[in-house]
2 protein chains.
Amino acid sequence: MNDKKVKQILEDLDVENPGEVCPIKDVLAEVLDKWTMMIILVLGKHKVLRFADVRRSVVGISPKMLTKSLRTLERDGHVNRKVYPEVPIRVEYSLTEQGEVFLKKLVDLAAWIKPHVPTIVKSREQFIK
Amino acid sequence: MNDKKVKQILEDLDVENPGEVCPIKDVLAEVLDKWTMMIILVLGKHKVLRFADVRRSVVGISPKMLTKSLRTLERDGHVNRKVYPEVPIRVEYSLTEQGEVFLKKLVDLAAWIKPHVPTIVKSREQFIK
DNA sequence: TGAACAAGTAACCAAATGGTTAGTGTTGTG
DNA sequence: CACAACACTAACCATTTGGTTACTTGTTCA
């Protein structure tokens, strides 16, 4: 591994600067959150979904967390929120271009980690105490 | 984006299987945890560190979280823990080969996300309410 | 004799996280 | 005329998370 690159990233992530807000860590943490990740993935698959659709697709999510996660994704520019002021109201969610980029990275990450998982599971089983 | 691949990952991540334990999500979540990530990075930079060294390098971490994170990393096979039964006791931590692989991926991920951060920060500022 | 050291561990506590349930307002349907 | 549909929001509460502080253990050094 390239030491210079590691050192650079350590600086970028502000490991030695206590108390500082690090936007890189922040953006990463938010996009890699359990529910957020799932929402990006289902929006990647279905392209356009209404609130209730996402709720059905992401099994187990509560309306509270769904709203919260969608707002964060919207705020960070990963998701479009389009409101149709009909009655009953209709709201459609979809990935932005930036959201698509993140989707791609998430899929890559999951695909990359997949073959490592059996080894790790084995390592866990052998770990006593 | 390749729809087949997204569909495959959605299946791998068990989005539609409620209550199931998904090892991929699990392994990802543990390695991407705030403190765990920092520990992998400082071990990548310094190669071998004692408990107190890691504590100094990862500014702000409490001994409780340090122990917990190191145990998880050891359990998952990312970190070696070598005990020298001297007095006072000496314990050295270093990355395993697998840990080095994860380090590389973490650095790649951070490096990749870095140029996206200013756009996201701007998007946040423009987001009202 | 007793303080210091290393690598934790134990006990306690505050804060954050997130689930559940009920409610909002309007309109089309049985 | 009551109820379902939709996209949330508010209030409440249980659980989880993680920080702080003090303690352990055996030997060496002052």
# chains A, B, ... in the order shown; residues from 1 in each chain; ligands from 1
>>> residues_around(residues="stretch 1-7 of chain C", least_positions_apart="2", cutoff="8 Å", atoms="only C-alpha atoms (C1' of nucleotides)", output="list in words")
Phe51, Pro88, Ile89, Arg90 and Val91 of chain B
>>> interface_residues(of="chain C", to="chain A", cutoff="8 Å", atoms="only C-alpha atoms (C1' of nucleotides)", output="number ranges by chain")
C: 18-19, 26-27
>>> select_by_dssp(residues="stretch 15-124 of chain B", states="strand (DSSP E)", output="CSV table (one decimal) with N, CA and C atoms, in the first residue's frame")
chain,number,residue,atom,x,y,z
B,48,VAL,N,2.9,-0.9,13.0
B,48,VAL,CA,2.8,-1.6,14.3
B,48,VAL,C,2.6,-0.6,15.4
B,49,LEU,N,1.5,-0.7,16.2
B,49,LEU,CA,1.3,0.2,17.3
B,49,LEU,C,0.8,-0.5,18.5
B,50,ARG,N,1.2,0.0,19.7
B,50,ARG,CA,0.7,-0.5,21.0
B,50,ARG,C,-0.6,0.2,21.3
B,79,VAL,N,-7.1,-7.5,11.9
B,79,VAL,CA,-6.0,-7.0,12.8
B,79,VAL,C,-5.3,-8.1,13.6
B,80,ASN,N,-4.0,-8.1,13.7
B,80,ASN,CA,-3.3,-9.0,14.5
B,80,ASN,C,-3.1,-8.4,15.9
B,81,ARG,N,-3.2,-9.2,16.9
B,81,ARG,CA,-3.0,-8.8,18.3
B,81,ARG,C,-1.9,-9.7,18.9
B,82,LYS,N,-0.7,-9.1,19.1
B,82,LYS,CA,0.4,-9.9,19.6
B,82,LYS,C,0.7,-9.5,21.1
B,83,VAL,N,0.6,-10.4,22.0
B,83,VAL,CA,0.9,-10.1,23.4
B,83,VAL,C,2.3,-10.6,23.8
B,84,TYR,N,3.0,-9.7,24.4
B,84,TYR,CA,4.3,-10.0,25.0
B,84,TYR,C,4.1,-10.0,26.5
B,90,ARG,N,3.1,-5.9,27.2
B,90,ARG,CA,3.2,-5.2,25.9
B,90,ARG,C,2.3,-5.9,24.9
B,91,VAL,N,1.5,-5.1,24.2
B,91,VAL,CA,0.6,-5.7,23.2
B,91,VAL,C,0.7,-4.9,21.9
B,92,GLU,N,1.0,-5.6,20.9
B,92,GLU,CA,1.2,-4.9,19.6
B,92,GLU,C,0.1,-5.2,18.6
B,93,TYR,N,-0.4,-4.1,18.0
B,93,TYR,CA,-1.4,-4.3,16.9
B,93,TYR,C,-0.9,-4.0,15.6
B,94,SER,N,-1.3,-4.8,14.6
B,94,SER,CA,-1.0,-4.5,13.2
B,94,SER,C,-2.0,-5.0,12.3
B,95,LEU,N,-2.0,-4.6,11.0
B,95,LEU,CA,-3.0,-5.1,10.1
B,95,LEU,C,-2.6,-6.5,9.6
>>> interface_residues(of="chain A", to="chain B", cutoff="6 Å", atoms="only C-alpha atoms", output="PyMOL selection string")
chain A and resi 16+18+59+75-77+120+123-124+127
>>> write_last_selection(atoms="N, CA, C and O atoms", output="compact mmCIF listing (two decimals), in the first residue's frame")
# COMPACT_ATOMS: atom_id res chain seq x y z
N GLU A 16 -6.17 13.62 13.21
CA GLU A 16 -5.46 14.25 14.31
C GLU A 16 -6.07 15.59 14.75
O GLU A 16 -5.59 16.20 15.69
N PRO A 18 -8.86 17.03 16.53
CA PRO A 18 -10.03 16.69 17.34
C PRO A 18 -11.08 17.77 17.23
O PRO A 18 -10.78 18.94 17.08
N VAL A 59 -38.13 -3.22 3.17
CA VAL A 59 -38.92 -3.93 4.18
C VAL A 59 -38.42 -3.60 5.59
O VAL A 59 -37.23 -3.66 5.86
N ARG A 75 -31.37 16.60 0.62
CA ARG A 75 -30.51 17.70 1.06
C ARG A 75 -29.11 17.60 0.45
O ARG A 75 -28.51 18.59 0.05
N ASP A 76 -28.62 16.36 0.37
CA ASP A 76 -27.27 16.15 -0.16
C ASP A 76 -27.23 16.04 -1.68
O ASP A 76 -26.18 15.81 -2.27
N GLY A 77 -28.40 16.18 -2.30
CA GLY A 77 -28.43 16.17 -3.76
C GLY A 77 -28.36 14.81 -4.41
O GLY A 77 -28.02 14.68 -5.58
N ILE A 120 -14.34 -13.96 6.43
CA ILE A 120 -14.57 -13.20 7.66
C ILE A 120 -15.50 -13.96 8.60
O ILE A 120 -15.27 -14.01 9.81
N SER A 123 -13.51 -16.53 10.22
CA SER A 123 -12.65 -15.93 11.24
C SER A 123 -13.43 -15.64 12.52
O SER A 123 -12.94 -15.84 13.62
N ARG A 124 -14.66 -15.20 12.36
CA ARG A 124 -15.51 -14.92 13.52
C ARG A 124 -15.81 -16.18 14.32
O ARG A 124 -15.80 -16.17 15.55
N PHE A 127 -12.95 -17.23 16.46
CA PHE A 127 -12.57 -16.28 17.51
C PHE A 127 -13.27 -16.63 18.81
O PHE A 127 -14.49 -16.57 18.90
>>> interface_residues(of="chain D", to="chain B", cutoff="12 Å", atoms="only C-alpha atoms (C1' of nucleotides)", output="number ranges by chain")
D: 17-21, 25-28
>>> select_by_dssp(residues="stretch 11-113 of chain B", states="helix (DSSP H, G or I)", output="PyMOL selection string")
chain B and resi 11-12+23-31+34-46+51-57+63-75+97-113
>>> write_last_selection(atoms="C-alpha atoms", output="mmCIF file, in the first residue's frame")
data_model
loop_
_atom_site.group_PDB
_atom_site.id
_atom_site.type_symbol
_atom_site.label_atom_id
_atom_site.label_comp_id
_atom_site.auth_asym_id
_atom_site.auth_seq_id
_atom_site.Cartn_x
_atom_site.Cartn_y
_atom_site.Cartn_z
ATOM 1 C CA GLU B 11 -30.854 -9.773 -3.553
ATOM 2 C CA ASP B 12 -27.454 -10.211 -1.905
ATOM 3 C CA PRO B 23 -23.410 -10.785 6.411
ATOM 4 C CA ILE B 24 -22.464 -8.371 3.631
ATOM 5 C CA LYS B 25 -24.229 -5.452 5.278
ATOM 6 C CA ASP B 26 -22.803 -6.580 8.571
ATOM 7 C CA VAL B 27 -19.172 -6.710 7.476
ATOM 8 C CA LEU B 28 -19.526 -3.397 5.656
ATOM 9 C CA ALA B 29 -21.126 -1.666 8.620
ATOM 10 C CA GLU B 30 -18.447 -2.827 11.004
ATOM 11 C CA VAL B 31 -15.538 -1.770 8.832
ATOM 12 C CA LYS B 34 -16.291 5.821 12.637
ATOM 13 C CA TRP B 35 -13.598 4.574 15.024
ATOM 14 C CA THR B 36 -12.900 1.299 13.233
ATOM 15 C CA MET B 37 -12.125 3.161 10.042
ATOM 16 C CA MET B 38 -9.691 5.470 11.827
ATOM 17 C CA ILE B 39 -7.921 2.548 13.478
ATOM 18 C CA ILE B 40 -7.424 0.765 10.171
ATOM 19 C CA LEU B 41 -5.998 3.966 8.704
ATOM 20 C CA VAL B 42 -3.523 4.676 11.505
ATOM 21 C CA LEU B 43 -2.397 1.055 11.532
ATOM 22 C CA GLY B 44 -1.913 1.355 7.791
ATOM 23 C CA LYS B 45 0.318 4.351 8.321
ATOM 24 C CA HIS B 46 2.371 3.182 11.307
ATOM 25 C CA PHE B 51 -2.613 0.150 22.644
ATOM 26 C CA ALA B 52 -1.562 3.531 24.007
ATOM 27 C CA ASP B 53 -0.101 4.523 20.615
ATOM 28 C CA VAL B 54 -3.370 3.864 18.827
ATOM 29 C CA ARG B 55 -5.120 5.830 21.530
ATOM 30 C CA ARG B 56 -2.843 8.788 20.907
ATOM 31 C CA SER B 57 -3.198 8.547 17.112
ATOM 32 C CA PRO B 63 -10.396 3.302 26.040
ATOM 33 C CA LYS B 64 -13.717 1.506 26.016
ATOM 34 C CA MET B 65 -14.375 2.126 22.330
ATOM 35 C CA LEU B 66 -10.767 1.441 21.452
ATOM 36 C CA THR B 67 -10.902 -1.986 23.057
ATOM 37 C CA LYS B 68 -14.248 -2.745 21.496
ATOM 38 C CA SER B 69 -13.168 -1.700 18.013
ATOM 39 C CA LEU B 70 -9.857 -3.559 18.219
ATOM 40 C CA ARG B 71 -11.645 -6.732 19.337
ATOM 41 C CA THR B 72 -14.048 -6.505 16.415
ATOM 42 C CA LEU B 73 -11.213 -5.965 13.976
ATOM 43 C CA GLU B 74 -9.345 -8.902 15.456
ATOM 44 C CA ARG B 75 -12.423 -11.104 15.398
ATOM 45 C CA GLU B 97 -3.088 -9.160 4.947
ATOM 46 C CA GLN B 98 -6.857 -8.974 4.782
ATOM 47 C CA GLY B 99 -6.731 -5.775 6.796
ATOM 48 C CA GLU B 100 -4.383 -4.294 4.209
ATOM 49 C CA VAL B 101 -6.911 -5.132 1.502
ATOM 50 C CA PHE B 102 -9.596 -3.274 3.419
ATOM 51 C CA LEU B 103 -7.274 -0.365 4.030
ATOM 52 C CA LYS B 104 -6.725 -0.056 0.311
ATOM 53 C CA LYS B 105 -10.452 -0.037 -0.326
ATOM 54 C CA LEU B 106 -11.072 2.535 2.390
ATOM 55 C CA VAL B 107 -8.435 4.836 0.973
ATOM 56 C CA ASP B 108 -9.872 4.406 -2.514
ATOM 57 C CA LEU B 109 -13.336 5.185 -1.242
ATOM 58 C CA ALA B 110 -12.251 8.327 0.577
ATOM 59 C CA ALA B 111 -10.158 9.463 -2.378
ATOM 60 C CA TRP B 112 -13.056 8.869 -4.724
ATOM 61 C CA ILE B 113 -15.564 10.729 -2.623
#
>>> atom_distance(atom1="atom C1' of D:DA10", atom2="atom C1' of C:DT21")
10.4 Å
>>> decode(residues="stretch 6-21 of chain D", atoms="all heavy atoms", output="short mmCIF file (atom, residue, chain, number, x, y, z; two decimals), in the first residue's frame")
data_model
loop_
_atom_site.label_atom_id
_atom_site.label_comp_id
_atom_site.auth_asym_id
_atom_site.auth_seq_id
_atom_site.Cartn_x
_atom_site.Cartn_y
_atom_site.Cartn_z
P DC D 6 -52.57 4.77 -1.85
OP1 DC D 6 -52.32 4.53 -3.29
OP2 DC D 6 -52.22 3.75 -0.84
"O5'" DC D 6 -51.86 6.13 -1.45
"C5'" DC D 6 -52.12 7.30 -2.21
"C4'" DC D 6 -51.66 8.50 -1.45
"O4'" DC D 6 -52.52 8.72 -0.31
"C3'" DC D 6 -50.26 8.38 -0.85
"O3'" DC D 6 -49.40 9.22 -1.61
"C2'" DC D 6 -50.41 8.85 0.60
"C1'" DC D 6 -51.80 9.46 0.63
N1 DC D 6 -52.54 9.37 1.92
C2 DC D 6 -53.14 10.52 2.45
O2 DC D 6 -53.04 11.59 1.84
N3 DC D 6 -53.82 10.43 3.61
C4 DC D 6 -53.92 9.25 4.24
N4 DC D 6 -54.60 9.20 5.38
C5 DC D 6 -53.32 8.06 3.71
C6 DC D 6 -52.64 8.17 2.56
P DA D 7 -47.89 8.99 -1.71
OP1 DA D 7 -47.39 9.51 -3.02
OP2 DA D 7 -47.55 7.64 -1.25
"O5'" DA D 7 -47.46 10.03 -0.59
"C5'" DA D 7 -47.71 11.41 -0.81
"C4'" DA D 7 -47.34 12.18 0.42
"O4'" DA D 7 -48.30 11.89 1.45
"C3'" DA D 7 -45.97 11.82 1.01
"O3'" DA D 7 -45.32 13.01 1.45
"C2'" DA D 7 -46.33 10.94 2.18
"C1'" DA D 7 -47.60 11.62 2.64
N9 DA D 7 -48.46 10.82 3.51
C8 DA D 7 -48.59 9.46 3.55
N7 DA D 7 -49.45 9.04 4.45
C5 DA D 7 -49.92 10.21 5.04
C6 DA D 7 -50.86 10.46 6.07
N6 DA D 7 -51.51 9.49 6.71
N1 DA D 7 -51.08 11.75 6.42
C2 DA D 7 -50.42 12.71 5.77
N3 DA D 7 -49.52 12.61 4.78
C4 DA D 7 -49.31 11.32 4.47
P DC D 8 -43.75 12.98 1.67
OP1 DC D 8 -43.30 14.37 1.91
OP2 DC D 8 -43.18 12.21 0.57
"O5'" DC D 8 -43.55 12.11 3.01
"C5'" DC D 8 -43.23 12.73 4.23
"C4'" DC D 8 -44.47 13.35 4.88
"O4'" DC D 8 -45.47 12.33 5.06
"C3'" DC D 8 -44.19 13.90 6.26
"O3'" DC D 8 -44.05 15.31 6.17
"C2'" DC D 8 -45.38 13.52 7.10
"C1'" DC D 8 -46.27 12.70 6.17
N1 DC D 8 -46.80 11.47 6.80
C2 DC D 8 -47.79 11.56 7.78
O2 DC D 8 -48.19 12.68 8.12
N3 DC D 8 -48.29 10.44 8.36
C4 DC D 8 -47.83 9.25 7.96
N4 DC D 8 -48.36 8.17 8.54
C5 DC D 8 -46.82 9.12 6.95
C6 DC D 8 -46.33 10.25 6.41
P DT D 9 -43.02 15.96 7.21
OP1 DT D 9 -42.81 17.36 6.78
OP2 DT D 9 -41.87 15.04 7.38
"O5'" DT D 9 -43.83 15.95 8.59
"C5'" DT D 9 -45.00 16.73 8.72
"C4'" DT D 9 -45.55 16.56 10.12
"O4'" DT D 9 -46.11 15.23 10.26
"C3'" DT D 9 -44.52 16.73 11.23
"O3'" DT D 9 -45.06 17.66 12.16
"C2'" DT D 9 -44.37 15.32 11.83
"C1'" DT D 9 -45.71 14.69 11.51
N1 DT D 9 -45.75 13.21 11.34
C2 DT D 9 -46.66 12.49 12.06
O2 DT D 9 -47.44 12.98 12.86
N3 DT D 9 -46.66 11.13 11.82
C4 DT D 9 -45.83 10.46 10.94
O4 DT D 9 -45.92 9.25 10.80
C5 DT D 9 -44.88 11.28 10.22
C7 DT D 9 -43.94 10.65 9.25
C6 DT D 9 -44.89 12.60 10.45
P DA D 10 -44.19 18.23 13.37
OP1 DA D 10 -44.42 19.69 13.44
OP2 DA D 10 -42.81 17.71 13.25
"O5'" DA D 10 -44.88 17.55 14.63
"C5'" DA D 10 -46.29 17.35 14.65
"C4'" DA D 10 -46.68 16.75 15.99
"O4'" DA D 10 -46.81 15.31 15.86
"C3'" DA D 10 -45.69 16.98 17.12
"O3'" DA D 10 -46.43 17.24 18.30
"C2'" DA D 10 -44.89 15.68 17.19
"C1'" DA D 10 -45.90 14.63 16.70
N9 DA D 10 -45.33 13.53 15.92
C8 DA D 10 -44.31 13.61 14.99
N7 DA D 10 -44.03 12.47 14.41
C5 DA D 10 -44.91 11.58 15.00
C6 DA D 10 -45.12 10.19 14.82
N6 DA D 10 -44.42 9.45 13.95
N1 DA D 10 -46.08 9.60 15.55
C2 DA D 10 -46.79 10.35 16.41
N3 DA D 10 -46.69 11.66 16.67
C4 DA D 10 -45.72 12.22 15.92
P DA D 11 -45.73 17.61 19.66
OP1 DA D 11 -46.51 18.68 20.32
OP2 DA D 11 -44.27 17.81 19.42
"O5'" DA D 11 -45.92 16.26 20.48
"C5'" DA D 11 -47.20 15.61 20.48
"C4'" DA D 11 -47.10 14.30 21.23
"O4'" DA D 11 -46.60 13.27 20.33
"C3'" DA D 11 -46.16 14.33 22.43
"O3'" DA D 11 -46.82 13.72 23.52
"C2'" DA D 11 -44.93 13.54 21.97
"C1'" DA D 11 -45.55 12.56 20.96
N9 DA D 11 -44.64 12.10 19.91
C8 DA D 11 -43.70 12.83 19.25
N7 DA D 11 -43.04 12.15 18.33
C5 DA D 11 -43.59 10.88 18.41
C6 DA D 11 -43.33 9.69 17.71
N6 DA D 11 -42.42 9.59 16.75
N1 DA D 11 -44.06 8.60 18.02
C2 DA D 11 -44.98 8.70 18.98
N3 DA D 11 -45.33 9.77 19.73
C4 DA D 11 -44.58 10.84 19.38
P DC D 12 -46.15 13.70 24.98
OP1 DC D 12 -47.24 13.90 25.96
OP2 DC D 12 -44.95 14.57 25.00
"O5'" DC D 12 -45.68 12.19 25.07
"C5'" DC D 12 -46.63 11.14 24.81
"C4'" DC D 12 -45.91 9.82 24.66
"O4'" DC D 12 -45.16 9.81 23.42
"C3'" DC D 12 -44.89 9.54 25.77
"O3'" DC D 12 -45.26 8.34 26.45
"C2'" DC D 12 -43.56 9.39 25.05
"C1'" DC D 12 -43.99 9.06 23.62
N1 DC D 12 -42.99 9.44 22.58
C2 DC D 12 -42.60 8.48 21.65
O2 DC D 12 -43.09 7.34 21.72
N3 DC D 12 -41.68 8.80 20.70
C4 DC D 12 -41.17 10.04 20.67
N4 DC D 12 -40.28 10.32 19.73
C5 DC D 12 -41.57 11.04 21.61
C6 DC D 12 -42.47 10.70 22.54
P DC D 13 -44.59 8.02 27.89
OP1 DC D 13 -45.68 7.69 28.81
OP2 DC D 13 -43.59 9.07 28.24
"O5'" DC D 13 -43.78 6.69 27.56
"C5'" DC D 13 -44.25 5.77 26.55
"C4'" DC D 13 -43.06 5.03 25.97
"O4'" DC D 13 -42.41 5.85 24.98
"C3'" DC D 13 -41.99 4.65 26.99
"O3'" DC D 13 -41.89 3.23 27.03
"C2'" DC D 13 -40.72 5.29 26.48
"C1'" DC D 13 -41.03 5.54 25.01
N1 DC D 13 -40.29 6.66 24.37
C2 DC D 13 -39.54 6.41 23.21
O2 DC D 13 -39.50 5.26 22.75
N3 DC D 13 -38.87 7.43 22.63
C4 DC D 13 -38.93 8.66 23.16
N4 DC D 13 -38.26 9.63 22.54
C5 DC D 13 -39.69 8.94 24.33
C6 DC D 13 -40.35 7.92 24.90
P DA D 14 -41.11 2.55 28.28
OP1 DA D 14 -42.08 1.70 29.00
OP2 DA D 14 -40.30 3.56 28.99
"O5'" DA D 14 -40.13 1.58 27.47
"C5'" DA D 14 -40.64 0.80 26.38
"C4'" DA D 14 -39.48 0.34 25.52
"O4'" DA D 14 -38.92 1.46 24.80
"C3'" DA D 14 -38.33 -0.30 26.30
"O3'" DA D 14 -37.95 -1.49 25.63
"C2'" DA D 14 -37.23 0.76 26.29
"C1'" DA D 14 -37.53 1.55 25.02
N9 DA D 14 -37.21 2.99 25.10
C8 DA D 14 -37.56 3.86 26.08
N7 DA D 14 -37.16 5.10 25.86
C5 DA D 14 -36.49 5.02 24.66
C6 DA D 14 -35.83 5.99 23.88
N6 DA D 14 -35.73 7.28 24.22
N1 DA D 14 -35.26 5.58 22.73
C2 DA D 14 -35.37 4.29 22.38
N3 DA D 14 -35.96 3.29 23.02
C4 DA D 14 -36.52 3.73 24.17
P DT D 15 -36.82 -2.44 26.27
OP1 DT D 15 -37.26 -3.84 26.07
OP2 DT D 15 -36.50 -1.92 27.62
"O5'" DT D 15 -35.58 -2.18 25.31
"C5'" DT D 15 -35.79 -2.08 23.89
"C4'" DT D 15 -34.58 -1.46 23.25
"O4'" DT D 15 -34.53 -0.05 23.55
"C3'" DT D 15 -33.23 -2.03 23.72
"O3'" DT D 15 -32.64 -2.67 22.60
"C2'" DT D 15 -32.44 -0.82 24.23
"C1'" DT D 15 -33.18 0.35 23.59
N1 DT D 15 -33.13 1.67 24.31
C2 DT D 15 -32.56 2.76 23.69
O2 DT D 15 -32.07 2.72 22.58
N3 DT D 15 -32.60 3.94 24.41
C4 DT D 15 -33.14 4.11 25.69
O4 DT D 15 -33.11 5.21 26.22
C5 DT D 15 -33.70 2.92 26.28
C7 DT D 15 -34.30 3.00 27.65
C6 DT D 15 -33.68 1.78 25.58
P DT D 16 -31.23 -3.45 22.74
OP1 DT D 16 -31.23 -4.56 21.75
OP2 DT D 16 -30.96 -3.73 24.16
"O5'" DT D 16 -30.23 -2.32 22.21
"C5'" DT D 16 -30.63 -1.50 21.10
"C4'" DT D 16 -29.62 -0.40 20.88
"O4'" DT D 16 -29.86 0.71 21.77
"C3'" DT D 16 -28.16 -0.84 21.09
"O3'" DT D 16 -27.46 -0.47 19.92
"C2'" DT D 16 -27.73 -0.07 22.35
"C1'" DT D 16 -28.61 1.17 22.29
N1 DT D 16 -28.93 1.86 23.59
C2 DT D 16 -28.75 3.22 23.69
O2 DT D 16 -28.32 3.90 22.78
N3 DT D 16 -29.10 3.77 24.90
C4 DT D 16 -29.60 3.11 25.99
O4 DT D 16 -29.89 3.72 27.01
C5 DT D 16 -29.77 1.68 25.83
C7 DT D 16 -30.30 0.87 26.96
C6 DT D 16 -29.43 1.13 24.65
P DT D 17 -25.90 -0.77 19.71
OP1 DT D 17 -25.67 -1.02 18.27
OP2 DT D 17 -25.48 -1.77 20.71
"O5'" DT D 17 -25.24 0.62 20.08
"C5'" DT D 17 -25.77 1.83 19.49
"C4'" DT D 17 -25.05 3.01 20.09
"O4'" DT D 17 -25.60 3.30 21.39
"C3'" DT D 17 -23.55 2.79 20.28
"O3'" DT D 17 -22.87 3.75 19.49
"C2'" DT D 17 -23.32 2.96 21.79
"C1'" DT D 17 -24.56 3.72 22.25
N1 DT D 17 -25.04 3.43 23.63
C2 DT D 17 -25.25 4.48 24.51
O2 DT D 17 -25.03 5.64 24.21
N3 DT D 17 -25.73 4.12 25.75
C4 DT D 17 -26.00 2.84 26.19
O4 DT D 17 -26.41 2.65 27.33
C5 DT D 17 -25.75 1.79 25.24
C7 DT D 17 -26.01 0.36 25.61
C6 DT D 17 -25.29 2.14 24.03
P DG D 18 -21.28 3.76 19.33
OP1 DG D 18 -20.94 4.47 18.08
OP2 DG D 18 -20.82 2.37 19.54
"O5'" DG D 18 -20.81 4.65 20.55
"C5'" DG D 18 -21.19 6.01 20.66
"C4'" DG D 18 -20.79 6.52 22.02
"O4'" DG D 18 -21.59 5.91 23.04
"C3'" DG D 18 -19.32 6.21 22.40
"O3'" DG D 18 -18.82 7.34 23.08
"C2'" DG D 18 -19.47 5.05 23.36
"C1'" DG D 18 -20.72 5.53 24.08
N9 DG D 18 -21.36 4.56 24.96
C8 DG D 18 -21.50 3.21 24.77
N7 DG D 18 -22.11 2.60 25.75
C5 DG D 18 -22.38 3.63 26.65
C6 DG D 18 -23.03 3.60 27.91
O6 DG D 18 -23.49 2.61 28.51
N1 DG D 18 -23.11 4.86 28.49
C2 DG D 18 -22.62 6.03 27.90
N2 DG D 18 -22.78 7.15 28.61
N3 DG D 18 -22.02 6.06 26.73
C4 DG D 18 -21.94 4.84 26.16
P DG D 19 -17.40 7.93 22.70
OP1 DG D 19 -17.48 8.71 21.46
OP2 DG D 19 -16.43 6.79 22.79
"O5'" DG D 19 -17.11 8.93 23.89
"C5'" DG D 19 -18.07 9.95 24.20
"C4'" DG D 19 -18.16 10.13 25.69
"O4'" DG D 19 -18.92 9.04 26.27
"C3'" DG D 19 -16.82 10.16 26.41
"O3'" DG D 19 -16.68 11.37 27.14
"C2'" DG D 19 -16.82 8.97 27.35
"C1'" DG D 19 -18.31 8.63 27.50
N9 DG D 19 -18.58 7.22 27.67
C8 DG D 19 -18.34 6.21 26.78
N7 DG D 19 -18.70 5.04 27.22
C5 DG D 19 -19.20 5.29 28.50
C6 DG D 19 -19.73 4.41 29.47
O6 DG D 19 -19.88 3.18 29.40
N1 DG D 19 -20.12 5.07 30.63
C2 DG D 19 -20.01 6.43 30.82
N2 DG D 19 -20.43 6.91 32.00
N3 DG D 19 -19.51 7.27 29.92
C4 DG D 19 -19.13 6.63 28.79
P DT D 20 -15.24 11.72 27.77
OP1 DT D 20 -15.09 13.18 27.63
OP2 DT D 20 -14.20 10.80 27.24
"O5'" DT D 20 -15.44 11.38 29.30
"C5'" DT D 20 -16.68 11.70 29.97
"C4'" DT D 20 -16.60 11.24 31.42
"O4'" DT D 20 -17.03 9.85 31.50
"C3'" DT D 20 -15.19 11.30 32.03
"O3'" DT D 20 -15.27 11.98 33.27
"C2'" DT D 20 -14.78 9.83 32.18
"C1'" DT D 20 -16.12 9.11 32.27
N1 DT D 20 -16.14 7.72 31.71
C2 DT D 20 -16.71 6.71 32.46
O2 DT D 20 -17.17 6.89 33.57
N3 DT D 20 -16.72 5.48 31.86
C4 DT D 20 -16.22 5.16 30.62
O4 DT D 20 -16.29 4.02 30.18
C5 DT D 20 -15.63 6.25 29.88
C7 DT D 20 -15.07 6.02 28.52
C6 DT D 20 -15.63 7.47 30.46
P DT D 21 -13.93 12.44 34.00
OP1 DT D 21 -14.23 13.72 34.67
OP2 DT D 21 -12.77 12.31 33.08
"O5'" DT D 21 -13.78 11.32 35.12
"C5'" DT D 21 -14.96 10.88 35.85
"C4'" DT D 21 -14.65 9.59 36.58
"O4'" DT D 21 -14.80 8.48 35.66
"C3'" DT D 21 -13.24 9.49 37.15
"O3'" DT D 21 -13.34 9.43 38.56
"C2'" DT D 21 -12.64 8.22 36.53
"C1'" DT D 21 -13.89 7.48 36.05
N1 DT D 21 -13.68 6.58 34.87
C2 DT D 21 -14.20 5.31 34.91
O2 DT D 21 -14.81 4.87 35.85
N3 DT D 21 -13.96 4.56 33.77
C4 DT D 21 -13.28 4.95 32.64
O4 DT D 21 -13.15 4.18 31.70
C5 DT D 21 -12.77 6.30 32.66
C7 DT D 21 -12.01 6.83 31.48
C6 DT D 21 -12.99 7.03 33.76
#
